[in-house]
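K.L.:
Quick one: this structure, given as structure tokens, is what I'll be asking you about.
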Amino acid sequence: MSLGTTTSLAFKRITDEKTGSIVTQLTPDSNVCNRNYFYQKCFTEDGNKLLISANFDTERNYHLLDLQDETAIQLTEGKGDNVFGGFLTTQDDALIFVKNNKQLIRVDLKNQEHSVLYEVAKGWVGYGTWVPNSACTKVVAIEIKDTDYMELDSWQKFAQFYHQKPRCRLISIDLKTGQRTTIFEENIWLGHPLYRPNDDNTIAFCHEGPHDLVETRMWMIDENGDNIRKVYEQSEEESCTHEFFVPDGSKMMFVSYRPNTDKRQLYSVDATSLAFKVEAEMPACSHLMSNYDGTLVVGDGSGTPVDVADNTGHDIENDPNLYLINLSDASIHPITEHNTSWKVLNGDRQINHPHPSFTPDDKSVLYSSDVNGTPAIYLATL
């Protein structure tokens, strides 16, 4: 298959007898498919088209799925797509993604024309998810020295990489000129770079690694490299994970959990003052994402965390539900069961993570699951 090839899909719909949610399977059981990372833009503004990754050909490439026609057009080809980090531009005219950990590429949605926006310098590797500012004129990213880098194809290597203390740099890339600016550089594993929505001066990043070993996960820094600050002071035995900015830019949210309990907390931090509060106590959700103004949050129930160094006290039963958390009335309700296995597949640690998020109209949630044996993409109505 090549660029511009259209694949016909036959959506499958069922009604959840417990919740009444209509669950639509968008991609077939015969392929390996996933949605992008939960805070990256995947829907066009009208909600009619969706960015997905699928191996309709031999490789996992990006496709633009038409939710009305039930078809998908191929946007990329060949090996090396970072199939979680890509995103649609604010203007709905292009896909931007990283290829082979080396090139940041723009793909025109109309004709699939590829343009290289930036090339990683010799001696460095492009790592993880690269995230745009609100205007989609630049991205913030992480690069790692190539002599320190390894493929993180297991949770054992995830832990090993933390202790290795790789040389990392937090950078910003101008998408028009390709100019790179180094914001911060350190011999510590950095991850999850984020521009604060509607505020290019504020960038967030994390100290990555096993959650129970990282003493302070979340940080913010000014775009010029000044004013580095802790987002939140973790208490003893507290682990924090999966931070994201509410899309209106007002606050950051994240998951907090401790040993010897199957409950987790949803925290928020004011993006300016860094004042924090507990928004909700919730079941053991792993990933969370909010709607635009942070009044609604969706989370995926999970089981014993695999990204801690010491499992003592962290052994819990798996929770197979997707949850809707309404912060306006403090209610929490199951949407449907995702029933994913969370298994690593062919060295991919993320492929069977649900990564739920809202559709643009807040009427459904998008998620991934291998409930039918292979990773597929679903929509569930609220």
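To be explicit about the labels: the chains of the structure tokens are called A, B, and onward in the order shown, and within each one the residues are counted from 1, while ligands get numbers from 1 in the order they are shown.
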Write out as a ChimeraX atom specification each polymer residue whose atoms come within 8 Å of region 355-357 of chain A, counting only C-alpha atoms; drop sequence neighbours fewer than 6 positions from it.

P.N.:
/A:35,37-39,287-291,298-300,365-368

K.L.:
What are the DSSP strand (DSSP E or B) residues of region 51-284 of chain A, as JSON, numbers by chain?

P.N.:
{"A": [51, 52, 53, 54, 61, 62, 63, 64, 65, 66, 71, 72, 73, 74, 81, 87, 88, 94, 95, 96, 97, 98, 99, 103, 104, 105, 106, 107, 108, 114, 115, 116, 117, 118, 119, 124, 125, 126, 127, 128, 129, 130, 131, 132, 138, 139, 140, 141, 142, 143, 144, 145, 167, 168, 169, 170, 171, 172, 173, 174, 180, 181, 182, 183, 184, 185, 186, 187, 190, 191, 192, 193, 194, 195, 196, 199, 200, 201, 202, 203, 204, 205, 206, 207, 218, 219, 220, 221, 222, 229, 230, 239, 240, 241, 242, 243, 244, 245, 251, 252, 253, 254, 255, 256, 257, 264, 265, 266, 267, 268, 269, 270, 276, 277, 278, 279, 280, 281, 282]}

K.L.:
Point out the residue among A:Asn352, A:Thr76, A:Thr181, A:Thr202 with the least atom-to-atom distance to Ile228 (chain A), counting only C-alpha atoms.

P.N.:
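Counting only C-alpha atoms, the residue closest to Ile228 (chain A) is A:Thr202.
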
K.L.:
Nearest to His353 (chain A) among A:Gly303, A:Ser172, A:Asn201, A:His333, with distances taken over only C-alpha atoms: which residue is it?

P.N.:
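Using only C-alpha atoms, His353 (chain A) sits closest to A:Gly303.
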
K.L.:
Which residues are close to region 358-360 of chain A, i.e. within 12 Å by only C-alpha atoms, leaving aside same-chain residues fewer than 5 positions away? Reply as number ranges by chain.

P.N.:
A: 38-50, 67, 247, 288-299, 322-324, 365-367, 378-382

K.L.:
Go ahead and compute the interatomic distance for CA of Leu213 (chain A) and CA of Lys157 (chain A), in Å to one decimal.

P.N.:
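Answer for the CA of Leu213 (chain A) to CA of Lys157 (chain A) separation: 14.9 Å.
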
K.L.:
By how many Å are CA of Lys138 (chain A) and CA of Phe161 (chain A) apart?

P.N.:
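Atom-to-atom, CA of Lys138 (chain A) and CA of Phe161 (chain A) are spaced 28.2 Å apart.
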
K.L.:
Residues at most 9 Å from Thr6 (chain A), counting only C-alpha atoms, excluding those fewer than 5 positions away in the same chain, as a ChimeraX atom specification?

P.N.:
/A:63,71-74

K.L.:
Could you list, as number ranges by chain, every residue within 7 Å of Val140 (chain A), counting only C-alpha atoms and ignoring same-chain residues fewer than 5 positions away?

P.N.:
A: 130-132, 171-173, 193-195

K.L.:
Ranking A:Leu175, A:Ile22, A:Leu190, A:Ala280 by minimum distance to Ser268 (chain A) and counting only C-alpha atoms, which one comes first?

P.N.:
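The closest residue to Ser268 (chain A) is A:Ala280.
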
K.L.:
To one decimal place, how far is CA of Ile144 (chain A) from CA of Ile188 (chain A) in Å?

P.N.:
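CA of Ile188 (chain A) lies at a distance of 9.9 Å from CA of Ile144 (chain A).
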